[in-house]
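Colleague: What follows is query27.cif, made up of mmCIF, N, CA and C atoms:
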data_start
#
loop_
_atom_site.group_PDB
_atom_site.id
_atom_site.type_symbol
_atom_site.label_atom_id
_atom_site.label_comp_id
_atom_site.auth_asym_id
_atom_site.auth_seq_id
_atom_site.Cartn_x
_atom_site.Cartn_y
_atom_site.Cartn_z
ATOM 1 N N MET A 1 52.216 -34.634 -52.287
ATOM 2 C CA MET A 1 50.888 -34.445 -51.729
ATOM 3 C C MET A 1 50.822 -33.158 -50.932
ATOM 4 N N ARG A 2 51.826 -32.938 -50.070
ATOM 5 C CA ARG A 2 51.821 -31.726 -49.259
ATOM 6 C C ARG A 2 52.007 -30.481 -50.113
ATOM 7 N N ALA A 3 52.809 -30.601 -51.166
ATOM 8 C CA ALA A 3 53.050 -29.446 -52.034
ATOM 9 C C ALA A 3 51.753 -29.043 -52.737
ATOM 10 N N SER A 4 50.970 -30.014 -53.194
ATOM 11 C CA SER A 4 49.717 -29.673 -53.877
ATOM 12 C C SER A 4 48.709 -29.090 -52.898
ATOM 13 N N ALA A 5 48.693 -29.561 -51.656
ATOM 14 C CA ALA A 5 47.808 -28.998 -50.643
ATOM 15 C C ALA A 5 48.212 -27.561 -50.333
ATOM 16 N N PHE A 6 49.531 -27.307 -50.274
ATOM 17 C CA PHE A 6 50.015 -25.959 -50.019
ATOM 18 C C PHE A 6 49.602 -25.016 -51.151
ATOM 19 N N VAL A 7 49.762 -25.461 -52.394
ATOM 20 C CA VAL A 7 49.382 -24.636 -53.551
ATOM 21 C C VAL A 7 47.876 -24.357 -53.526
ATOM 22 N N TYR A 8 47.085 -25.348 -53.195
ATOM 23 C CA TYR A 8 45.635 -25.182 -53.115
ATOM 24 C C TYR A 8 45.258 -24.147 -52.057
ATOM 25 N N VAL A 9 45.828 -24.267 -50.874
ATOM 26 C CA VAL A 9 45.540 -23.320 -49.795
ATOM 27 C C VAL A 9 46.018 -21.931 -50.184
ATOM 28 N N PHE A 10 47.180 -21.834 -50.827
ATOM 29 C CA PHE A 10 47.714 -20.543 -51.254
ATOM 30 C C PHE A 10 46.728 -19.845 -52.194
ATOM 31 N N PHE A 11 46.254 -20.568 -53.201
ATOM 32 C CA PHE A 11 45.313 -19.965 -54.156
ATOM 33 C C PHE A 11 43.974 -19.623 -53.506
ATOM 34 N N CYS A 12 43.512 -20.454 -52.599
ATOM 35 C CA CYS A 12 42.236 -20.175 -51.925
ATOM 36 C C CYS A 12 42.321 -18.924 -51.064
ATOM 37 N N VAL A 13 43.451 -18.738 -50.396
ATOM 38 C CA VAL A 13 43.588 -17.617 -49.465
ATOM 39 C C VAL A 13 43.925 -16.318 -50.189
ATOM 40 N N PHE A 14 44.855 -16.374 -51.138
ATOM 41 C CA PHE A 14 45.364 -15.138 -51.718
ATOM 42 C C PHE A 14 44.762 -14.772 -53.078
ATOM 43 N N CYS A 15 44.177 -15.710 -53.771
ATOM 44 C CA CYS A 15 43.701 -15.417 -55.123
ATOM 45 C C CYS A 15 42.175 -15.410 -55.249
ATOM 46 N N ALA A 16 41.489 -15.848 -54.242
ATOM 47 C CA ALA A 16 40.036 -15.929 -54.344
ATOM 48 C C ALA A 16 39.416 -14.547 -54.188
ATOM 49 N N ALA A 17 38.421 -14.286 -54.998
ATOM 50 C CA ALA A 17 37.679 -13.024 -54.887
ATOM 51 C C ALA A 17 36.613 -13.186 -53.808
ATOM 52 N N GLY A 18 36.260 -12.109 -53.186
ATOM 53 C CA GLY A 18 35.235 -12.161 -52.150
ATOM 54 C C GLY A 18 33.883 -12.514 -52.744
ATOM 55 N N ALA A 19 33.182 -13.370 -52.078
ATOM 56 C CA ALA A 19 31.848 -13.764 -52.545
ATOM 57 C C ALA A 19 30.842 -12.705 -52.120
ATOM 58 N N ARG A 20 29.914 -12.410 -52.991
ATOM 59 C CA ARG A 20 28.879 -11.433 -52.690
ATOM 60 C C ARG A 20 27.530 -12.125 -52.835
ATOM 61 N N ALA A 21 26.772 -12.075 -51.792
ATOM 62 C CA ALA A 21 25.463 -12.709 -51.823
ATOM 63 C C ALA A 21 24.492 -11.861 -51.020
ATOM 64 N N GLY A 22 23.237 -12.053 -51.286
ATOM 65 C CA GLY A 22 22.219 -11.314 -50.542
ATOM 66 C C GLY A 22 20.898 -11.361 -51.282
ATOM 67 N N ALA A 23 19.941 -10.693 -50.722
ATOM 68 C CA ALA A 23 18.617 -10.662 -51.322
ATOM 69 C C ALA A 23 18.633 -9.796 -52.578
ATOM 70 N N CYS A 24 17.822 -10.166 -53.539
ATOM 71 C CA CYS A 24 17.657 -9.366 -54.753
ATOM 72 C C CYS A 24 16.521 -8.388 -54.499
ATOM 73 N N LEU A 25 16.857 -7.172 -54.160
ATOM 74 C CA LEU A 25 15.866 -6.163 -53.821
ATOM 75 C C LEU A 25 15.551 -5.310 -55.043
ATOM 76 N N TYR A 26 14.269 -4.965 -55.198
ATOM 77 C CA TYR A 26 13.861 -4.073 -56.271
ATOM 78 C C TYR A 26 13.964 -2.629 -55.788
ATOM 79 N N PRO A 27 14.307 -1.725 -56.689
ATOM 80 C CA PRO A 27 14.310 -0.304 -56.313
ATOM 81 C C PRO A 27 12.891 0.132 -55.927
ATOM 82 N N GLU A 28 12.789 1.182 -55.153
ATOM 83 C CA GLU A 28 11.500 1.673 -54.682
ATOM 84 C C GLU A 28 10.592 1.996 -55.878
ATOM 85 N N GLY A 29 9.378 1.457 -55.825
ATOM 86 C CA GLY A 29 8.393 1.716 -56.874
ATOM 87 C C GLY A 29 8.484 0.796 -58.076
ATOM 88 N N GLN A 30 9.419 -0.138 -58.102
ATOM 89 C CA GLN A 30 9.561 -1.071 -59.225
ATOM 90 C C GLN A 30 9.355 -2.496 -58.738
ATOM 91 N N GLY A 31 9.074 -3.402 -59.672
ATOM 92 C CA GLY A 31 8.875 -4.792 -59.312
ATOM 93 C C GLY A 31 8.476 -5.613 -60.514
ATOM 94 N N GLN A 32 7.925 -6.765 -60.235
ATOM 95 C CA GLN A 32 7.470 -7.650 -61.308
ATOM 96 C C GLN A 32 6.234 -8.406 -60.863
ATOM 97 N N LEU A 33 5.418 -8.769 -61.844
ATOM 98 C CA LEU A 33 4.233 -9.587 -61.628
ATOM 99 C C LEU A 33 4.295 -10.744 -62.610
ATOM 100 N N ILE A 34 4.204 -11.951 -62.101
ATOM 101 C CA ILE A 34 4.194 -13.145 -62.946
ATOM 102 C C ILE A 34 2.814 -13.771 -62.808
ATOM 103 N N LEU A 35 2.113 -13.942 -63.918
ATOM 104 C CA LEU A 35 0.767 -14.503 -63.931
ATOM 105 C C LEU A 35 0.761 -15.743 -64.805
ATOM 106 N N THR A 36 0.254 -16.850 -64.258
ATOM 107 C CA THR A 36 0.128 -18.086 -65.030
ATOM 108 C C THR A 36 -1.316 -18.552 -64.980
ATOM 109 N N THR A 37 -1.759 -19.155 -66.070
ATOM 110 C CA THR A 37 -3.114 -19.687 -66.143
ATOM 111 C C THR A 37 -3.073 -21.094 -66.725
ATOM 112 N N ALA A 38 -4.075 -21.879 -66.365
ATOM 113 C CA ALA A 38 -4.196 -23.232 -66.907
ATOM 114 C C ALA A 38 -5.679 -23.549 -67.064
ATOM 115 N N PHE A 39 -5.997 -24.295 -68.100
ATOM 116 C CA PHE A 39 -7.367 -24.695 -68.358
ATOM 117 C C PHE A 39 -7.380 -26.185 -68.684
ATOM 118 N N ALA A 40 -8.331 -26.908 -68.109
ATOM 119 C CA ALA A 40 -8.469 -28.342 -68.383
ATOM 120 C C ALA A 40 -9.933 -28.639 -68.666
ATOM 121 N N ASP A 41 -10.166 -29.515 -69.624
ATOM 122 C CA ASP A 41 -11.516 -29.914 -70.010
ATOM 123 C C ASP A 41 -11.443 -31.393 -70.369
ATOM 124 N N ALA A 42 -12.227 -32.216 -69.708
ATOM 125 C CA ALA A 42 -12.156 -33.654 -69.969
ATOM 126 C C ALA A 42 -13.544 -34.270 -69.951
ATOM 127 N N GLN A 43 -13.689 -35.314 -70.750
ATOM 128 C CA GLN A 43 -14.943 -36.066 -70.806
ATOM 129 C C GLN A 43 -14.693 -37.564 -70.758
ATOM 130 N N GLY A 44 -13.437 -37.949 -70.551
ATOM 131 C CA GLY A 44 -13.099 -39.363 -70.489
ATOM 132 C C GLY A 44 -11.806 -39.563 -69.716
ATOM 133 N N ALA A 45 -11.541 -40.827 -69.391
ATOM 134 C CA ALA A 45 -10.319 -41.179 -68.668
ATOM 135 C C ALA A 45 -9.878 -42.566 -69.116
ATOM 136 N N TYR A 46 -8.625 -42.856 -68.925
ATOM 137 C CA TYR A 46 -8.102 -44.175 -69.277
ATOM 138 C C TYR A 46 -8.264 -45.115 -68.091
ATOM 139 N N ASN A 47 -8.739 -46.328 -68.375
ATOM 140 C CA ASN A 47 -8.906 -47.298 -67.297
ATOM 141 C C ASN A 47 -7.610 -48.078 -67.097
ATOM 142 N N ALA A 48 -7.659 -49.108 -66.271
ATOM 143 C CA ALA A 48 -6.450 -49.862 -65.902
ATOM 144 C C ALA A 48 -5.806 -50.574 -67.084
ATOM 145 N N VAL A 49 -6.572 -50.919 -68.104
ATOM 146 C CA VAL A 49 -6.009 -51.622 -69.263
ATOM 147 C C VAL A 49 -5.679 -50.667 -70.406
ATOM 148 N N GLY A 50 -5.839 -49.366 -70.176
ATOM 149 C CA GLY A 50 -5.446 -48.390 -71.173
ATOM 150 C C GLY A 50 -6.523 -48.006 -72.155
ATOM 151 N N ARG A 51 -7.744 -48.377 -71.884
ATOM 152 C CA ARG A 51 -8.846 -48.001 -72.781
ATOM 153 C C ARG A 51 -9.486 -46.709 -72.302
ATOM 154 N N LEU A 52 -9.876 -45.889 -73.254
ATOM 155 C CA LEU A 52 -10.543 -44.636 -72.934
ATOM 156 C C LEU A 52 -12.007 -44.917 -72.625
ATOM 157 N N VAL A 53 -12.448 -44.547 -71.430
ATOM 158 C CA VAL A 53 -13.844 -44.756 -71.032
ATOM 159 C C VAL A 53 -14.477 -43.400 -70.769
ATOM 160 N N LYS A 54 -15.762 -43.318 -70.993
ATOM 161 C CA LYS A 54 -16.490 -42.074 -70.784
ATOM 162 C C LYS A 54 -16.678 -41.840 -69.289
ATOM 163 N N THR A 55 -16.422 -40.623 -68.866
ATOM 164 C CA THR A 55 -16.600 -40.223 -67.476
ATOM 165 C C THR A 55 -17.395 -38.920 -67.449
ATOM 166 N N PRO A 56 -17.918 -38.553 -66.308
ATOM 167 C CA PRO A 56 -18.592 -37.251 -66.238
ATOM 168 C C PRO A 56 -17.619 -36.132 -66.613
ATOM 169 N N SER A 57 -18.076 -35.211 -67.412
ATOM 170 C CA SER A 57 -17.192 -34.152 -67.889
ATOM 171 C C SER A 57 -16.913 -33.139 -66.785
ATOM 172 N N TYR A 58 -15.801 -32.444 -66.932
ATOM 173 C CA TYR A 58 -15.468 -31.366 -66.008
ATOM 174 C C TYR A 58 -14.659 -30.311 -66.743
ATOM 175 N N ARG A 59 -14.671 -29.114 -66.179
ATOM 176 C CA ARG A 59 -13.857 -28.007 -66.665
ATOM 177 C C ARG A 59 -13.203 -27.346 -65.462
ATOM 178 N N LYS A 60 -11.935 -27.034 -65.631
ATOM 179 C CA LYS A 60 -11.186 -26.419 -64.537
ATOM 180 C C LYS A 60 -10.342 -25.284 -65.098
ATOM 181 N N PHE A 61 -10.424 -24.140 -64.435
ATOM 182 C CA PHE A 61 -9.586 -22.993 -64.781
ATOM 183 C C PHE A 61 -8.815 -22.590 -63.532
ATOM 184 N N ASP A 62 -7.516 -22.399 -63.683
ATOM 185 C CA ASP A 62 -6.650 -22.076 -62.556
ATOM 186 C C ASP A 62 -5.797 -20.869 -62.932
ATOM 187 N N ALA A 63 -5.720 -19.890 -62.056
ATOM 188 C CA ALA A 63 -4.864 -18.717 -62.261
ATOM 189 C C ALA A 63 -4.018 -18.517 -61.007
ATOM 190 N N ARG A 64 -2.731 -18.257 -61.208
ATOM 191 C CA ARG A 64 -1.804 -18.014 -60.098
ATOM 192 C C ARG A 64 -1.011 -16.751 -60.392
ATOM 193 N N PHE A 65 -0.673 -16.012 -59.324
ATOM 194 C CA PHE A 65 0.174 -14.841 -59.517
ATOM 195 C C PHE A 65 1.275 -14.819 -58.466
ATOM 196 N N TYR A 66 2.362 -14.181 -58.831
ATOM 197 C CA TYR A 66 3.510 -13.968 -57.952
ATOM 198 C C TYR A 66 3.945 -12.523 -58.144
ATOM 199 N N LEU A 67 4.042 -11.758 -57.065
ATOM 200 C CA LEU A 67 4.322 -10.336 -57.126
ATOM 201 C C LEU A 67 5.516 -9.999 -56.249
ATOM 202 N N GLU A 68 6.437 -9.207 -56.791
ATOM 203 C CA GLU A 68 7.538 -8.622 -56.043
ATOM 204 C C GLU A 68 7.503 -7.123 -56.318
ATOM 205 N N HIS A 69 7.527 -6.317 -55.243
ATOM 206 C CA HIS A 69 7.444 -4.867 -55.412
ATOM 207 C C HIS A 69 8.351 -4.188 -54.389
ATOM 208 N N GLY A 70 9.176 -3.267 -54.877
ATOM 209 C CA GLY A 70 10.081 -2.538 -53.995
ATOM 210 C C GLY A 70 9.332 -1.459 -53.215
ATOM 211 N N VAL A 71 9.176 -1.665 -51.915
ATOM 212 C CA VAL A 71 8.513 -0.692 -51.060
ATOM 213 C C VAL A 71 9.491 0.445 -50.745
ATOM 214 N N THR A 72 10.685 0.093 -50.352
ATOM 215 C CA THR A 72 11.774 1.047 -50.148
ATOM 216 C C THR A 72 13.015 0.430 -50.782
ATOM 217 N N ASP A 73 14.134 1.119 -50.700
ATOM 218 C CA ASP A 73 15.369 0.560 -51.267
ATOM 219 C C ASP A 73 15.849 -0.674 -50.518
ATOM 220 N N TRP A 74 15.429 -0.837 -49.284
ATOM 221 C CA TRP A 74 15.882 -1.973 -48.487
ATOM 222 C C TRP A 74 14.772 -2.975 -48.184
ATOM 223 N N LEU A 75 13.549 -2.775 -48.709
ATOM 224 C CA LEU A 75 12.428 -3.674 -48.428
ATOM 225 C C LEU A 75 11.658 -3.978 -49.705
ATOM 226 N N THR A 76 11.529 -5.252 -50.022
ATOM 227 C CA THR A 76 10.748 -5.706 -51.172
ATOM 228 C C THR A 76 9.599 -6.563 -50.674
ATOM 229 N N PHE A 77 8.384 -6.202 -51.080
ATOM 230 C CA PHE A 77 7.189 -6.977 -50.738
ATOM 231 C C PHE A 77 7.064 -8.131 -51.710
ATOM 232 N N ILE A 78 6.790 -9.327 -51.192
ATOM 233 C CA ILE A 78 6.591 -10.513 -52.016
ATOM 234 C C ILE A 78 5.253 -11.116 -51.645
ATOM 235 N N GLY A 79 4.426 -11.364 -52.649
ATOM 236 C CA GLY A 79 3.123 -11.973 -52.403
ATOM 237 C C GLY A 79 2.767 -12.928 -53.525
ATOM 238 N N GLU A 80 1.949 -13.897 -53.197
ATOM 239 C CA GLU A 80 1.475 -14.830 -54.207
ATOM 240 C C GLU A 80 0.074 -15.280 -53.842
ATOM 241 N N GLY A 81 -0.661 -15.717 -54.842
ATOM 242 C CA GLY A 81 -2.021 -16.176 -54.615
ATOM 243 C C GLY A 81 -2.516 -16.967 -55.809
ATOM 244 N N SER A 82 -3.695 -17.527 -55.660
ATOM 245 C CA SER A 82 -4.266 -18.309 -56.745
ATOM 246 C C SER A 82 -5.786 -18.314 -56.637
ATOM 247 N N ALA A 83 -6.410 -18.634 -57.748
ATOM 248 C CA ALA A 83 -7.863 -18.771 -57.806
ATOM 249 C C ALA A 83 -8.180 -19.920 -58.746
ATOM 250 N N MET A 84 -9.239 -20.649 -58.434
ATOM 251 C CA MET A 84 -9.605 -21.793 -59.260
ATOM 252 C C MET A 84 -11.114 -21.836 -59.439
ATOM 253 N N SER A 85 -11.519 -22.218 -60.631
ATOM 254 C CA SER A 85 -12.932 -22.437 -60.925
ATOM 255 C C SER A 85 -13.071 -23.865 -61.439
ATOM 256 N N PHE A 86 -13.986 -24.614 -60.843
ATOM 257 C CA PHE A 86 -14.183 -26.019 -61.227
ATOM 258 C C PHE A 86 -15.669 -26.271 -61.426
ATOM 259 N N ARG A 87 -16.001 -26.854 -62.570
ATOM 260 C CA ARG A 87 -17.380 -27.265 -62.831
ATOM 261 C C ARG A 87 -17.363 -28.704 -63.327
ATOM 262 N N GLY A 88 -18.076 -29.561 -62.619
ATOM 263 C CA GLY A 88 -18.153 -30.957 -63.012
ATOM 264 C C GLY A 88 -19.597 -31.369 -63.222
ATOM 265 N N ALA A 89 -19.811 -32.245 -64.183
ATOM 266 C CA ALA A 89 -21.158 -32.738 -64.457
ATOM 267 C C ALA A 89 -21.517 -33.823 -63.457
ATOM 268 N N ALA A 90 -22.780 -33.871 -63.098
ATOM 269 C CA ALA A 90 -23.247 -34.927 -62.196
ATOM 270 C C ALA A 90 -23.254 -36.252 -62.939
ATOM 271 N N ASP A 91 -22.893 -37.309 -62.241
ATOM 272 C CA ASP A 91 -22.886 -38.639 -62.833
ATOM 273 C C ASP A 91 -24.322 -39.155 -62.894
ATOM 274 N N PRO A 92 -24.844 -39.414 -64.098
ATOM 275 C CA PRO A 92 -26.241 -39.827 -64.203
ATOM 276 C C PRO A 92 -26.544 -41.169 -63.545
ATOM 277 N N ALA A 93 -25.569 -42.051 -63.462
ATOM 278 C CA ALA A 93 -25.821 -43.375 -62.882
ATOM 279 C C ALA A 93 -25.697 -43.352 -61.361
ATOM 280 N N GLY A 94 -25.224 -42.266 -60.802
ATOM 281 C CA GLY A 94 -25.056 -42.194 -59.358
ATOM 282 C C GLY A 94 -23.829 -42.926 -58.856
ATOM 283 N N VAL A 95 -22.944 -43.340 -59.761
ATOM 284 C CA VAL A 95 -21.730 -44.063 -59.406
ATOM 285 C C VAL A 95 -20.564 -43.076 -59.457
ATOM 286 N N ASN A 96 -19.738 -43.106 -58.450
ATOM 287 C CA ASN A 96 -18.559 -42.256 -58.452
ATOM 288 C C ASN A 96 -17.516 -42.905 -59.361
ATOM 289 N N VAL A 97 -17.386 -42.370 -60.577
ATOM 290 C CA VAL A 97 -16.515 -42.966 -61.582
ATOM 291 C C VAL A 97 -15.062 -42.910 -61.146
ATOM 292 N N LEU A 98 -14.685 -41.858 -60.455
ATOM 293 C CA LEU A 98 -13.300 -41.758 -59.992
ATOM 294 C C LEU A 98 -12.952 -42.912 -59.062
ATOM 295 N N ASP A 99 -13.848 -43.260 -58.139
ATOM 296 C CA ASP A 99 -13.588 -44.377 -57.250
ATOM 297 C C ASP A 99 -13.480 -45.680 -58.034
ATOM 298 N N VAL A 100 -14.305 -45.852 -59.065
ATOM 299 C CA VAL A 100 -14.248 -47.061 -59.896
ATOM 300 C C VAL A 100 -12.909 -47.132 -60.615
ATOM 301 N N LEU A 101 -12.460 -46.017 -61.188
ATOM 302 C CA LEU A 101 -11.185 -46.014 -61.909
ATOM 303 C C LEU A 101 -10.015 -46.276 -60.963
ATOM 304 N N ILE A 102 -10.061 -45.732 -59.764
ATOM 305 C CA ILE A 102 -8.990 -45.983 -58.803
ATOM 306 C C ILE A 102 -8.977 -47.456 -58.396
ATOM 307 N N ALA A 103 -10.145 -48.045 -58.182
ATOM 308 C CA ALA A 103 -10.225 -49.455 -57.833
ATOM 309 C C ALA A 103 -9.689 -50.326 -58.966
ATOM 310 N N GLU A 104 -10.007 -49.977 -60.217
ATOM 311 C CA GLU A 104 -9.486 -50.744 -61.354
ATOM 312 C C GLU A 104 -7.969 -50.626 -61.450
ATOM 313 N N ALA A 105 -7.446 -49.429 -61.202
ATOM 314 C CA ALA A 105 -5.995 -49.246 -61.280
ATOM 315 C C ALA A 105 -5.282 -50.026 -60.188
ATOM 316 N N LYS A 106 -5.864 -50.081 -58.989
ATOM 317 C CA LYS A 106 -5.247 -50.843 -57.898
ATOM 318 C C LYS A 106 -5.316 -52.344 -58.170
ATOM 319 N N ALA A 107 -6.390 -52.787 -58.824
ATOM 320 C CA ALA A 107 -6.547 -54.218 -59.099
ATOM 321 C C ALA A 107 -5.592 -54.689 -60.178
ATOM 322 N N GLY A 108 -5.182 -53.769 -61.039
ATOM 323 C CA GLY A 108 -4.234 -54.121 -62.089
ATOM 324 C C GLY A 108 -4.958 -54.545 -63.276
#
Write the structure described by the file as C-alpha cells, please.

Modeller:
Amino acid sequence: MRASAFVYVFFCVFCAAGARAGACLYPEGQGQLILTTAFADAQGAYNAVGRLVKTPSYRKFDARFYLEHGVTDWLTFIGEGSAMSFRGAADPAGVNVLDVLIAEAKAG
C-alpha cells in the first residue's frame, strides 16, 4: 500500500506537466457572433386526456445573439441580447383557455 502511494506521489510531483488555464481572449479586432432564431405557431393544445383541442392561435418569433469581440489583446468584450415578437388571437368566448387547460391538467 505504501509503495503504491509513493509511486503515485512520485509521478504526480515529477512527471506531471504544468496545467495551463485562463480566459480565451480574441486578438484585437477579431471575434465571433452567434445568432439563433426560433419561430412557433399554434392553433391547438393537448388537454389532460391527450386530445387535441382548439385554442386561440398565436405566433411567436424569438431571436438571440451572443457576441465576443477583442477590444485589445488583453480585453475581450462579451455581450448578449434577445428580442421577441408575440401575436395572439383574442379568445372569442372570453374564456382564458390556458387557465382551463392548466386546471384540467391538475385535475388529472

Colleague: Using all atoms listed in the file, what residues lie at most 8 Å away from (4.8, -7.0, -58.1) (file coordinates), given as a list in words?

Modeller: Gln30, Gly31, Gln32, Leu33, Ile34, Tyr66, Leu67, Glu68, His69, Gly70, Phe77, Ile78 and Gly79 of chain A

Colleague: For stretch 36-47 of chain A, please output as a ChimeraX atom specification all residues within 8 Å (counting only C-alpha atoms; exclusion window: fewer than 4 positions along the same chain).

Modeller: /A:51-65,101,104-105

Colleague: With N, CA and C atoms kept, could you save the residues just selected as a short mmCIF file (atom, residue, chain, number, x, y, z; two decimals), in the coordinates of the input?

Modeller:
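Result file is out.cif:
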data_model
loop_
_atom_site.label_atom_id
_atom_site.label_comp_id
_atom_site.auth_asym_id
_atom_site.auth_seq_id
_atom_site.Cartn_x
_atom_site.Cartn_y
_atom_site.Cartn_z
N ARG A 51 -7.74 -48.38 -71.88
CA ARG A 51 -8.85 -48.00 -72.78
C ARG A 51 -9.49 -46.71 -72.30
N LEU A 52 -9.88 -45.89 -73.25
CA LEU A 52 -10.54 -44.64 -72.93
C LEU A 52 -12.01 -44.92 -72.62
N VAL A 53 -12.45 -44.55 -71.43
CA VAL A 53 -13.84 -44.76 -71.03
C VAL A 53 -14.48 -43.40 -70.77
N LYS A 54 -15.76 -43.32 -70.99
CA LYS A 54 -16.49 -42.07 -70.78
C LYS A 54 -16.68 -41.84 -69.29
N THR A 55 -16.42 -40.62 -68.87
CA THR A 55 -16.60 -40.22 -67.48
C THR A 55 -17.40 -38.92 -67.45
N PRO A 56 -17.92 -38.55 -66.31
CA PRO A 56 -18.59 -37.25 -66.24
C PRO A 56 -17.62 -36.13 -66.61
N SER A 57 -18.08 -35.21 -67.41
CA SER A 57 -17.19 -34.15 -67.89
C SER A 57 -16.91 -33.14 -66.78
N TYR A 58 -15.80 -32.44 -66.93
CA TYR A 58 -15.47 -31.37 -66.01
C TYR A 58 -14.66 -30.31 -66.74
N ARG A 59 -14.67 -29.11 -66.18
CA ARG A 59 -13.86 -28.01 -66.67
C ARG A 59 -13.20 -27.35 -65.46
N LYS A 60 -11.94 -27.03 -65.63
CA LYS A 60 -11.19 -26.42 -64.54
C LYS A 60 -10.34 -25.28 -65.10
N PHE A 61 -10.42 -24.14 -64.44
CA PHE A 61 -9.59 -22.99 -64.78
C PHE A 61 -8.82 -22.59 -63.53
N ASP A 62 -7.52 -22.40 -63.68
CA ASP A 62 -6.65 -22.08 -62.56
C ASP A 62 -5.80 -20.87 -62.93
N ALA A 63 -5.72 -19.89 -62.06
CA ALA A 63 -4.86 -18.72 -62.26
C ALA A 63 -4.02 -18.52 -61.01
N ARG A 64 -2.73 -18.26 -61.21
CA ARG A 64 -1.80 -18.01 -60.10
C ARG A 64 -1.01 -16.75 -60.39
N PHE A 65 -0.67 -16.01 -59.32
CA PHE A 65 0.17 -14.84 -59.52
C PHE A 65 1.27 -14.82 -58.47
N LEU A 101 -12.46 -46.02 -61.19
CA LEU A 101 -11.18 -46.01 -61.91
C LEU A 101 -10.02 -46.28 -60.96
N GLU A 104 -10.01 -49.98 -60.22
CA GLU A 104 -9.49 -50.74 -61.35
C GLU A 104 -7.97 -50.63 -61.45
N ALA A 105 -7.45 -49.43 -61.20
CA ALA A 105 -6.00 -49.25 -61.28
C ALA A 105 -5.28 -50.03 -60.19
#

Colleague: At what distance in Å, to one decimal, does atom C of A:Pro27 lie from atom CA of A:Thr72?

Modeller: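 Result for atom CA of A:Thr72 versus atom C of A:Pro27: 6.0 Å, one decimal.
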
Colleague: Let me have the centre and edge lengths in Å, one decimal, of the box along x, y and z around every listed atom of stretch 100-104 of chain A with 4 Å of margin on each side, as JSON.

Modeller:
{"center_x": -11.1, "center_y": -48.2, "center_z": -59.9, "size_x": 14.3, "size_y": 13.0, "size_z": 12.1}

Colleague: Atom CA of A:Val49 and atom CA of A:Val100 are how many Å apart?

Modeller: 13.3 Å

Colleague: Please indicate the distance in Å from atom CA of A:Ile102 to atom CA of A:Phe86, rounded to one decimal place.

Modeller: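 So the two atoms, atom CA of A:Ile102 and atom CA of A:Phe86, lie 20.8 Å apart.
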
Colleague: Name the residues of stretch 27-98 of chain A that fall into strand (DSSP E or B) according to DSSP on the backbone, using the chain letters and numbers of this document, as a ChimeraX atom specification.

Modeller: /A:31-46,52-72,75-88

Colleague: From the list A:Tyr8, A:Gly81, A:Ala48, A:Val71, which residue is nearest A:Glu28 when using all atoms listed in the file?

Modeller: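 Result for the nearest residue to A:Glu28: A:Val71.
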